[in-house]
$ cat target.txt   # compact mmCIF, C-alpha atoms
# COMPACT_ATOMS: atom_id res chain seq x y z
CA MET A 1 -33.32 -4.71 -8.76
CA LYS A 2 -33.17 -1.41 -6.89
CA ASN A 3 -33.37 -2.00 -3.13
CA ILE A 4 -30.44 -3.69 -1.39
CA THR A 5 -30.34 -4.59 2.29
CA ILE A 6 -26.97 -5.21 3.94
CA ILE A 7 -26.95 -7.05 7.28
CA GLY A 8 -23.92 -6.08 9.36
CA SER A 9 -22.14 -2.72 9.29
CA GLY A 10 -18.57 -3.82 10.01
CA THR A 11 -15.64 -3.64 7.59
CA MET A 12 -17.26 -5.78 4.90
CA GLY A 13 -20.83 -4.58 5.43
CA ASN A 14 -20.04 -0.87 5.19
CA GLY A 15 -17.80 -1.52 2.18
CA ILE A 16 -20.60 -3.37 0.38
CA ALA A 17 -23.08 -0.62 1.29
CA HIS A 18 -20.68 2.06 0.00
CA THR A 19 -20.21 0.20 -3.30
CA PHE A 20 -23.89 -0.37 -4.00
CA ALA A 21 -24.86 3.19 -3.05
CA GLN A 22 -22.14 4.68 -5.24
CA HIS A 23 -23.51 2.69 -8.18
CA GLY A 24 -27.05 4.00 -7.84
CA PHE A 25 -28.79 1.49 -5.57
CA GLY A 26 -30.89 2.31 -2.54
CA VAL A 27 -29.25 0.69 0.48
CA SER A 28 -30.70 -0.29 3.85
CA LEU A 29 -27.84 -0.94 6.27
CA VAL A 30 -28.90 -3.02 9.28
CA ASP A 31 -27.04 -3.63 12.53
CA ILE A 32 -28.01 -4.37 16.11
CA ASN A 33 -27.10 -0.97 17.56
CA THR A 34 -27.03 2.66 16.50
CA GLU A 35 -23.41 3.20 17.55
CA ALA A 36 -22.19 0.57 15.09
CA LEU A 37 -24.26 2.15 12.32
CA ASN A 38 -22.97 5.65 13.07
CA LYS A 39 -19.42 4.32 12.96
CA ALA A 40 -20.14 2.65 9.60
CA ILE A 41 -21.49 5.87 8.07
CA GLN A 42 -18.40 7.72 9.30
CA THR A 43 -16.16 5.07 7.73
CA ILE A 44 -18.02 5.33 4.42
CA THR A 45 -17.72 9.13 4.58
CA ASN A 46 -13.98 8.89 5.23
CA ASN A 47 -13.53 6.47 2.33
CA LEU A 48 -15.51 8.76 0.01
CA ASP A 49 -13.28 11.63 1.12
CA ARG A 50 -10.24 9.57 0.07
CA GLN A 51 -11.82 9.00 -3.34
CA LEU A 52 -12.56 12.72 -3.55
CA LYS A 53 -8.97 13.63 -2.69
CA LYS A 54 -7.69 11.29 -5.42
CA GLY A 55 -10.02 12.85 -7.98
CA LEU A 56 -12.00 9.62 -8.45
CA ILE A 57 -15.32 11.28 -7.53
CA ASP A 58 -16.66 14.79 -7.03
CA ASP A 59 -18.65 16.38 -4.18
CA GLN A 60 -21.96 15.57 -5.86
CA VAL A 61 -21.16 11.84 -6.07
CA LYS A 62 -20.17 11.84 -2.39
CA ALA A 63 -23.39 13.55 -1.32
CA THR A 64 -25.59 11.38 -3.52
CA THR A 65 -23.90 8.18 -2.34
CA LEU A 66 -24.47 9.02 1.32
CA SER A 67 -28.08 10.04 0.65
CA ARG A 68 -28.84 6.59 -0.74
CA ILE A 69 -27.91 4.80 2.51
CA LYS A 70 -30.54 4.43 5.25
CA THR A 71 -29.76 2.77 8.57
CA PHE A 72 -31.92 0.42 10.64
CA THR A 73 -31.61 -1.47 13.91
CA ASP A 74 -34.79 -3.44 13.22
CA LEU A 75 -34.30 -6.36 10.82
CA GLN A 76 -37.97 -6.45 9.80
CA GLN A 77 -37.99 -2.78 8.81
CA GLY A 78 -34.63 -2.92 7.08
CA ALA A 79 -35.31 -6.01 4.97
CA ALA A 80 -39.06 -5.77 4.30
CA HIS A 81 -38.81 -4.20 0.83
CA ALA A 82 -35.48 -5.60 -0.36
CA ASP A 83 -34.93 -7.11 -3.80
CA LEU A 84 -31.61 -8.50 -2.54
CA VAL A 85 -30.37 -9.06 1.00
CA ILE A 86 -26.64 -9.51 1.57
CA GLU A 87 -25.63 -10.86 4.96
CA ALA A 88 -22.23 -9.63 6.14
CA ALA A 89 -22.40 -10.62 9.80
CA THR A 90 -19.63 -12.28 11.76
CA GLU A 91 -18.20 -15.54 10.36
CA ASN A 92 -20.24 -17.76 12.68
CA ARG A 93 -22.40 -20.58 11.32
CA GLU A 94 -25.11 -20.44 13.97
CA ILE A 95 -25.54 -16.67 13.66
CA LYS A 96 -25.87 -16.95 9.89
CA LEU A 97 -28.39 -19.79 10.04
CA LYS A 98 -30.54 -17.86 12.51
CA LEU A 99 -30.40 -14.74 10.32
CA PHE A 100 -31.33 -16.55 7.12
CA LYS A 101 -34.26 -18.29 8.78
CA GLN A 102 -35.52 -14.86 9.90
CA LEU A 103 -34.90 -13.29 6.50
CA SER A 104 -36.77 -16.09 4.78
CA ASP A 105 -39.83 -15.28 6.88
CA ILE A 106 -39.55 -11.50 6.30
CA GLY A 107 -39.05 -11.18 2.56
CA SER A 108 -41.14 -12.08 -0.46
CA ASP A 109 -40.77 -15.37 -2.32
CA GLN A 110 -38.79 -13.52 -5.02
CA VAL A 111 -36.14 -11.88 -2.80
CA ILE A 112 -32.60 -13.16 -3.33
CA LEU A 113 -30.71 -13.92 -0.12
CA ALA A 114 -26.92 -13.74 -0.39
CA SER A 115 -24.16 -14.32 2.11
CA ASN A 116 -20.77 -12.64 2.10
CA THR A 117 -19.38 -15.65 3.97
CA SER A 118 -15.80 -16.52 3.12
CA SER A 119 -16.09 -20.22 3.95
CA ILE A 120 -19.44 -21.39 5.41
CA SER A 121 -21.59 -23.68 3.25
CA ILE A 122 -24.19 -21.87 1.14
CA THR A 123 -26.07 -25.17 0.84
CA GLN A 124 -26.34 -25.42 4.62
CA ILE A 125 -27.44 -21.79 4.91
CA ALA A 126 -30.05 -22.28 2.15
CA ALA A 127 -31.48 -25.37 3.86
CA VAL A 128 -33.01 -23.27 6.67
CA THR A 129 -34.89 -21.01 4.23
CA LYS A 130 -38.24 -21.43 2.43
CA ASN A 131 -36.70 -20.93 -1.01
CA PRO A 132 -33.21 -22.53 -1.16
CA GLY A 133 -33.03 -21.82 -4.89
CA ASN A 134 -32.89 -18.09 -4.12
CA VAL A 135 -29.86 -18.37 -1.81
CA ILE A 136 -26.34 -17.67 -3.10
CA GLY A 137 -22.92 -16.56 -1.94
CA MET A 138 -21.46 -13.14 -2.81
CA HIS A 139 -17.95 -13.16 -1.36
CA PHE A 140 -16.57 -9.63 -1.74
CA MET A 141 -12.90 -8.89 -1.08
CA ASN A 142 -11.58 -6.30 1.37
CA PRO A 143 -11.52 -3.34 0.81
CA VAL A 144 -14.78 -3.74 -1.11
CA PRO A 145 -14.81 -0.39 -2.99
CA VAL A 146 -11.33 -1.15 -4.38
CA MET A 147 -11.07 -4.91 -4.95
CA LYS A 148 -12.47 -6.21 -8.25
CA LEU A 149 -13.23 -9.84 -7.40
CA VAL A 150 -16.61 -11.15 -6.28
CA GLU A 151 -16.63 -14.90 -5.69
CA VAL A 152 -20.18 -16.01 -6.57
CA ILE A 153 -20.96 -19.31 -4.84
CA ARG A 154 -23.73 -21.60 -6.05
CA GLY A 155 -25.34 -23.72 -3.36
CA TYR A 156 -26.63 -27.18 -4.25
CA ALA A 157 -30.11 -25.76 -4.91
CA THR A 158 -29.23 -22.30 -6.27
CA THR A 159 -31.05 -21.74 -9.58
CA ASP A 160 -29.46 -20.72 -12.87
CA ALA A 161 -31.66 -17.62 -12.92
CA VAL A 162 -30.45 -16.43 -9.50
CA THR A 163 -26.82 -17.15 -10.40
CA ASN A 164 -27.08 -15.24 -13.67
CA THR A 165 -28.79 -12.32 -11.94
CA ILE A 166 -26.03 -12.02 -9.34
CA MET A 167 -23.25 -12.40 -11.93
CA GLU A 168 -24.73 -9.55 -13.97
CA LEU A 169 -25.39 -7.46 -10.86
CA ALA A 170 -21.74 -7.73 -9.82
CA LYS A 171 -20.70 -6.41 -13.23
CA THR A 172 -22.89 -3.32 -12.75
CA LEU A 173 -20.79 -2.62 -9.62
CA ASP A 174 -17.67 -2.61 -11.82
CA LYS A 175 -16.62 -5.95 -10.31
CA ASP A 176 -15.33 -9.12 -11.93
CA PRO A 177 -17.53 -12.01 -10.72
CA VAL A 178 -16.24 -15.58 -10.77
CA GLU A 179 -18.71 -18.45 -10.37
CA VAL A 180 -17.63 -21.31 -8.09
CA ASN A 181 -19.32 -24.29 -6.49
CA ASP A 182 -20.11 -24.75 -2.82
CA TYR A 183 -17.30 -26.69 -1.14
CA PRO A 184 -15.41 -25.72 2.03
CA GLY A 185 -13.43 -22.51 1.54
CA PHE A 186 -14.73 -22.17 -2.05
CA VAL A 187 -11.67 -21.22 -4.17
CA ALA A 188 -10.17 -18.11 -2.56
CA ASN A 189 -9.80 -19.38 0.99
CA ARG A 190 -9.21 -23.02 0.12
CA ILE A 191 -5.98 -21.86 -1.53
CA LEU A 192 -5.15 -18.78 0.55
CA MET A 193 -5.63 -20.08 4.10
CA PRO A 194 -3.30 -23.11 3.85
CA MET A 195 -0.62 -20.72 2.51
CA ILE A 196 -1.11 -18.35 5.44
CA ASN A 197 -1.16 -21.27 7.88
CA GLU A 198 2.08 -22.63 6.38
CA ALA A 199 3.70 -19.20 6.71
CA ILE A 200 2.74 -19.19 10.41
CA TYR A 201 4.15 -22.70 10.81
CA THR A 202 7.37 -21.46 9.17
CA LEU A 203 7.60 -18.79 11.87
CA TYR A 204 6.50 -21.20 14.62
CA GLU A 205 9.25 -23.67 13.68
CA GLY A 206 11.93 -20.98 13.64
CA VAL A 207 12.75 -21.18 9.95
CA ALA A 208 12.72 -17.39 9.61
CA GLY A 209 11.33 -14.24 11.22
CA VAL A 210 8.15 -12.32 10.45
CA ALA A 211 9.70 -9.70 8.15
CA GLU A 212 11.88 -12.29 6.43
CA ILE A 213 8.97 -14.59 5.59
CA ASP A 214 6.92 -11.72 4.22
CA THR A 215 9.85 -10.34 2.24
CA VAL A 216 10.46 -13.69 0.53
CA MET A 217 6.84 -13.84 -0.61
CA LYS A 218 6.70 -10.21 -1.71
CA LEU A 219 9.98 -10.14 -3.62
CA GLY A 220 10.10 -13.76 -4.75
CA MET A 221 6.45 -14.37 -5.62
CA ALA A 222 5.35 -10.77 -6.40
CA HIS A 223 2.68 -10.76 -3.68
CA PRO A 224 1.58 -7.20 -2.80
CA MET A 225 1.87 -8.02 0.90
CA GLY A 226 3.35 -10.98 2.73
CA PRO A 227 1.15 -13.74 4.16
CA LEU A 228 1.68 -12.72 7.80
CA GLN A 229 0.78 -9.09 7.12
CA LEU A 230 -2.21 -10.29 5.11
CA ALA A 231 -3.31 -12.52 8.00
CA ASP A 232 -3.21 -9.48 10.30
CA PHE A 233 -5.27 -7.53 7.76
CA ILE A 234 -7.90 -10.28 7.43
CA GLY A 235 -7.99 -10.84 11.19
CA LEU A 236 -6.27 -13.78 12.85
CA ASP A 237 -9.55 -14.80 14.49
CA VAL A 238 -11.16 -14.95 11.04
CA CYS A 239 -8.24 -17.06 9.78
CA VAL A 240 -8.78 -19.54 12.62
CA ALA A 241 -12.53 -19.71 11.90
CA ILE A 242 -11.97 -20.39 8.19
CA LEU A 243 -9.30 -23.01 8.83
CA LYS A 244 -11.66 -24.79 11.22
CA VAL A 245 -14.35 -24.84 8.51
CA LEU A 246 -11.81 -26.36 6.10
CA TYR A 247 -10.65 -28.89 8.68
CA ASP A 248 -14.21 -29.90 9.58
CA GLY A 249 -15.23 -30.07 5.93
CA PHE A 250 -12.33 -32.16 4.63
CA GLY A 251 -11.09 -33.92 7.78
CA ASN A 252 -7.52 -33.32 6.61
CA GLN A 253 -4.85 -32.41 9.15
CA LYS A 254 -3.22 -29.96 6.72
CA TYR A 255 -6.08 -27.52 7.41
CA ALA A 256 -5.66 -27.56 11.22
CA PRO A 257 -4.70 -24.06 12.43
CA CYS A 258 -1.12 -23.68 13.65
CA PRO A 259 -0.87 -23.69 17.49
CA LEU A 260 0.86 -20.29 17.37
CA LEU A 261 -2.10 -18.82 15.48
CA VAL A 262 -4.57 -20.26 17.99
CA ASN A 263 -2.55 -18.93 20.93
CA MET A 264 -2.37 -15.44 19.44
CA VAL A 265 -6.13 -15.30 18.95
CA THR A 266 -6.76 -16.68 22.45
CA ALA A 267 -4.49 -13.94 23.85
CA GLY A 268 -6.45 -11.26 21.98
CA HIS A 269 -3.82 -10.48 19.34
CA SER A 270 -5.94 -10.72 16.19
CA GLY A 271 -4.10 -8.31 13.92
CA VAL A 272 -4.92 -4.81 12.70
CA LYS A 273 -8.28 -4.56 14.48
CA THR A 274 -6.72 -5.23 17.91
CA GLY A 275 -3.55 -3.22 17.27
CA SER A 276 -1.27 -6.25 17.43
CA GLY A 277 -0.68 -9.49 15.56
CA PHE A 278 2.50 -10.40 13.72
CA TYR A 279 3.02 -6.64 13.46
CA LYS A 280 1.98 -3.82 15.77
CA TYR A 281 -0.31 -1.07 14.56
CA THR A 282 -0.54 2.53 15.69
CA PRO A 283 -3.52 4.66 14.59
CA GLY A 284 -2.48 7.10 11.86
CA SER A 285 0.83 5.35 11.16
CA LYS A 286 1.52 3.26 8.05
CA GLU A 287 4.93 2.08 9.25
CA LEU A 288 5.15 -1.71 9.39
CA ILE A 289 6.76 -2.74 12.67
CA VAL A 290 7.17 -6.36 13.77
CA ALA A 291 5.37 -7.08 17.05
CA ASP A 292 7.63 -7.18 20.12
CA LYS A 293 6.85 -10.87 20.62
CA PHE A 294 8.64 -11.72 17.37
CA VAL A 295 11.65 -9.41 17.65
CA SER A 296 14.90 -11.29 18.26
CA ARG A 297 16.62 -10.39 21.47

$ encode --input "target.txt" --output "structure tokens"
Amino acid sequence: MKNITIIGSGTMGNGIAHTFAQHGFGVSLVDINTEALNKAIQTITNNLDRQLKKGLIDDQVKATTLSRIKTFTDLQQGAAHADLVIEAATENREIKLKLFKQLSDIGSDQVILASNTSSISITQIAAVTKNPGNVIGMHFMNPVPVMKLVEVIRGYATTDAVTNTIMELAKTLDKDPVEVNDYPGFVANRILMPMINEAIYTLYEGVAGVAEIDTVMKLGMAHPMGPLQLADFIGLDVCVAILKVLYDGFGNQKYAPCPLLVNMVTAGHSGVKTGSGFYKYTPGSKELIVADKFVSR
């Protein structure tokens, strides 16, 4: 396996592209417009510069990594010669189903089609393809070049051979793959999202403030960041989408997103990427400041 196609050049897509390229793979990065691709290459360059500054890589590794990444706006061209395609598009079921149907028609019968989805059914995605046995989930964690976990999700039809191939591939990326079965939220988000949702309910019900809730979880449970800060980092809109998948999949009220969370997303406050969520974010600043909405007056 030498040629990897990544669909989507956002935070996860460019992180996956960076990781594969740095480990010797040829990468085709596909997105719908050139501006998004240029931004992705700049992000990868900036992240390589951080690695360089920390002494983790040298100038040659940086140059070679960037040289291995080619960009495409045409899906047919970008995916035609892939051994593995990893979809990292927005967390929207209909978009993913449409993409996988197209990818199934483009690639060979041997190509493995993977989704970086954090919650959507791999079995459902596989059902629209010609070879469901070749479809699998590769759920990378953000930031991809740093985080060790890859959640490898077997759909109902995913073959042992494909699963074993992806497990071994993840190890060549210096990742720690964990195999899980295809149920709503898999393992990571089935456990994480209810905790985040409960933290938001704790704020919503006035039990404690934003900083206080996060401090309890950081100091009391040794979490590297509190659940509200983590929700901002993930994206509050993504949290809502995942919770809705859990709620639809299990029909259990405990997975229903907190009204405060829904209101924040509706108002355009989705966390780090919009500059405001439970905290407010200023470009270039690492100071953690509670958003004005949640400051006691």

$ closest_residue --input "target.txt" --among "A:Val111, A:Ala161, A:Val144, A:Ile86" --to "Ile44 in chain A" --atoms "only C-alpha atoms"
A:Val144

$ residues_around --input "target.txt" --residues "range 244-258 of chain A" --least-positions-apart "3" --cutoff "6 Å" --atoms "all atoms listed in the file" --output "PyMOL selection string"
chain A and resi 184+241+261

$ atom_distance --input "target.txt" --atom1 "CA of Ala89 in chain A" --atom2 "CA of Leu149 in chain A"
19.5 Å

$ atom_distance --input "target.txt" --atom1 "CA of Ser121 in chain A" --atom2 "CA of Ala157 in chain A"
12.0 Å

$ closest_residue --input "target.txt" --among "A:Thr129, A:Asn134, A:Gln22, A:Thr215" --to "Leu66 in chain A" --atoms "all atoms listed in the file"
A:Gln22

$ residues_near_point --input "target.txt" --point "(-31.0, -13.2, 12.6)" --cutoff "10 Å" --atoms "all atoms listed in the file" --output "list in words"
Ile7, Ile32, Leu75, Glu87, Ala89, Glu94, Ile95, Lys96, Leu97, Lys98, Leu99, Phe100, Lys101, Gln102 and Leu103 of chain A

$ closest_residue --input "target.txt" --among "A:Met167, A:Ile41, A:Val265, A:Val128" --to "Arg93 in chain A" --atoms "all atoms listed in the file"
A:Val128

$ residues_around --input "target.txt" --residues "range 187-202 of chain A" --least-positions-apart "6" --cutoff "9 Å" --atoms "all atoms listed in the file" --output "ChimeraX atom specification"
/A:118-119,151,180-181,208-210,213-214,227-228,230-231,239,242-243,246,254-261

$ closest_residue --input "target.txt" --among "A:Ala36, A:Thr172, A:Asn46, A:Thr71" --to "Lys2 in chain A" --atoms "only C-alpha atoms"
A:Thr172

$ closest_residue --input "target.txt" --among "A:Arg68, A:Tyr156, A:Gly15, A:Leu29" --to "Thr43 in chain A" --atoms "all atoms listed in the file"
A:Gly15

$ decode --input "target.txt" --residues "range 191-288 of chain A" --atoms "C-alpha atoms" --output "JSON list (two decimals), in the first residue's frame"
[["chain", "number", "residue", "atom", "x", "y", "z"],
["A", 191, "ILE", "CA", -18.48, 7.57, 26.37],
["A", 192, "LEU", "CA", -17.12, 11.08, 25.74],
["A", 193, "MET", "CA", -20.19, 12.87, 24.39],
["A", 194, "PRO", "CA", -22.57, 12.05, 27.28],
["A", 195, "MET", "CA", -19.87, 13.37, 29.66],
["A", 196, "ILE", "CA", -19.56, 16.61, 27.69],
["A", 197, "ASN", "CA", -23.35, 16.91, 27.47],
["A", 198, "GLU", "CA", -23.65, 16.38, 31.23],
["A", 199, "ALA", "CA", -21.02, 19.07, 31.85],
["A", 200, "ILE", "CA", -23.10, 21.47, 29.72],
["A", 201, "TYR", "CA", -26.24, 20.51, 31.66],
["A", 202, "THR", "CA", -24.31, 21.22, 34.88],
["A", 203, "LEU", "CA", -23.64, 24.74, 33.58],
["A", 204, "TYR", "CA", -27.18, 25.11, 32.18],
["A", 205, "GLU", "CA", -28.71, 24.23, 35.56],
["A", 206, "GLY", "CA", -26.48, 26.68, 37.43],
["A", 207, "VAL", "CA", -24.57, 24.13, 39.47],
["A", 208, "ALA", "CA", -21.25, 25.84, 38.71],
["A", 209, "GLY", "CA", -19.55, 28.12, 36.21],
["A", 210, "VAL", "CA", -17.51, 27.26, 33.12],
["A", 211, "ALA", "CA", -14.06, 27.52, 34.74],
["A", 212, "GLU", "CA", -15.23, 25.76, 37.89],
["A", 213, "ILE", "CA", -16.64, 22.76, 36.02],
["A", 214, "ASP", "CA", -13.48, 22.39, 33.97],
["A", 215, "THR", "CA", -11.24, 22.81, 37.02],
["A", 216, "VAL", "CA", -13.04, 20.02, 38.90],
["A", 217, "MET", "CA", -12.49, 17.62, 36.00],
["A", 218, "LYS", "CA", -8.87, 18.63, 35.44],
["A", 219, "LEU", "CA", -7.76, 18.55, 39.07],
["A", 220, "GLY", "CA", -10.11, 15.87, 40.37],
["A", 221, "MET", "CA", -10.09, 13.42, 37.46],
["A", 222, "ALA", "CA", -6.68, 14.26, 35.92],
["A", 223, "HIS", "CA", -8.18, 15.23, 32.55],
["A", 224, "PRO", "CA", -5.73, 17.30, 30.46],
["A", 225, "MET", "CA", -8.51, 19.78, 29.65],
["A", 226, "GLY", "CA", -11.99, 20.21, 31.04],
["A", 227, "PRO", "CA", -15.06, 18.96, 29.16],
["A", 228, "LEU", "CA", -16.27, 22.44, 28.19],
["A", 229, "GLN", "CA", -12.90, 23.45, 26.80],
["A", 230, "LEU", "CA", -12.72, 20.11, 25.00],
["A", 231, "ALA", "CA", -16.19, 20.68, 23.51],
["A", 232, "ASP", "CA", -14.97, 24.03, 22.15],
["A", 233, "PHE", "CA", -11.92, 22.31, 20.70],
["A", 234, "ILE", "CA", -13.98, 19.57, 19.02],
["A", 235, "GLY", "CA", -16.57, 22.06, 17.78],
["A", 236, "LEU", "CA", -19.94, 22.48, 19.45],
["A", 237, "ASP", "CA", -21.68, 21.85, 16.12],
["A", 238, "VAL", "CA", -19.84, 18.53, 15.85],
["A", 239, "CYS", "CA", -20.89, 17.66, 19.41],
["A", 240, "VAL", "CA", -24.54, 18.29, 18.51],
["A", 241, "ALA", "CA", -24.23, 16.15, 15.37],
["A", 242, "ILE", "CA", -22.70, 13.23, 17.28],
["A", 243, "LEU", "CA", -25.25, 13.43, 20.09],
["A", 244, "LYS", "CA", -28.05, 13.34, 17.51],
["A", 245, "VAL", "CA", -26.54, 10.19, 15.98],
["A", 246, "LEU", "CA", -26.45, 8.61, 19.46],
["A", 247, "TYR", "CA", -30.00, 9.71, 20.21],
["A", 248, "ASP", "CA", -31.32, 8.42, 16.87],
["A", 249, "GLY", "CA", -29.38, 5.17, 17.22],
["A", 250, "PHE", "CA", -30.39, 4.28, 20.77],
["A", 251, "GLY", "CA", -33.64, 6.24, 21.23],
["A", 252, "ASN", "CA", -32.51, 7.11, 24.76],
["A", 253, "GLN", "CA", -33.22, 10.58, 26.14],
["A", 254, "LYS", "CA", -29.84, 10.68, 27.90],
["A", 255, "TYR", "CA", -28.20, 11.31, 24.51],
["A", 256, "ALA", "CA", -30.39, 14.32, 23.62],
["A", 257, "PRO", "CA", -28.19, 17.45, 23.31],
["A", 258, "CYS", "CA", -28.60, 20.01, 26.09],
["A", 259, "PRO", "CA", -30.79, 22.99, 25.02],
["A", 260, "LEU", "CA", -27.93, 25.37, 25.90],
["A", 261, "LEU", "CA", -25.62, 23.52, 23.50],
["A", 262, "VAL", "CA", -28.20, 23.66, 20.71],
["A", 263, "ASN", "CA", -28.79, 27.38, 21.26],
["A", 264, "MET", "CA", -25.07, 28.14, 21.16],
["A", 265, "VAL", "CA", -24.65, 26.33, 17.85],
["A", 266, "THR", "CA", -27.76, 28.00, 16.41],
["A", 267, "ALA", "CA", -26.31, 31.39, 17.39],
["A", 268, "GLY", "CA", -23.02, 30.59, 15.64],
["A", 269, "HIS", "CA", -20.91, 30.07, 18.77],
["A", 270, "SER", "CA", -19.31, 26.71, 17.94],
["A", 271, "GLY", "CA", -16.05, 27.01, 19.86],
["A", 272, "VAL", "CA", -12.47, 27.57, 18.74],
["A", 273, "LYS", "CA", -13.24, 27.69, 15.02],
["A", 274, "THR", "CA", -15.75, 30.55, 15.43],
["A", 275, "GLY", "CA", -13.76, 32.39, 18.10],
["A", 276, "SER", "CA", -16.37, 31.86, 20.80],
["A", 277, "GLY", "CA", -17.98, 29.01, 22.70],
["A", 278, "PHE", "CA", -17.72, 28.44, 26.43],
["A", 279, "TYR", "CA", -14.48, 30.40, 26.16],
["A", 280, "LYS", "CA", -13.45, 33.19, 23.80],
["A", 281, "TYR", "CA", -10.48, 32.78, 21.50],
["A", 282, "THR", "CA", -8.15, 35.42, 20.11],
["A", 283, "PRO", "CA", -5.74, 34.49, 17.29],
["A", 284, "GLY", "CA", -2.20, 34.13, 18.62],
["A", 285, "SER", "CA", -3.27, 34.03, 22.27],
["A", 286, "LYS", "CA", -3.24, 30.88, 24.41],
["A", 287, "GLU", "CA", -4.93, 32.55, 27.39],
["A", 288, "LEU", "CA", -8.13, 30.77, 28.39]]
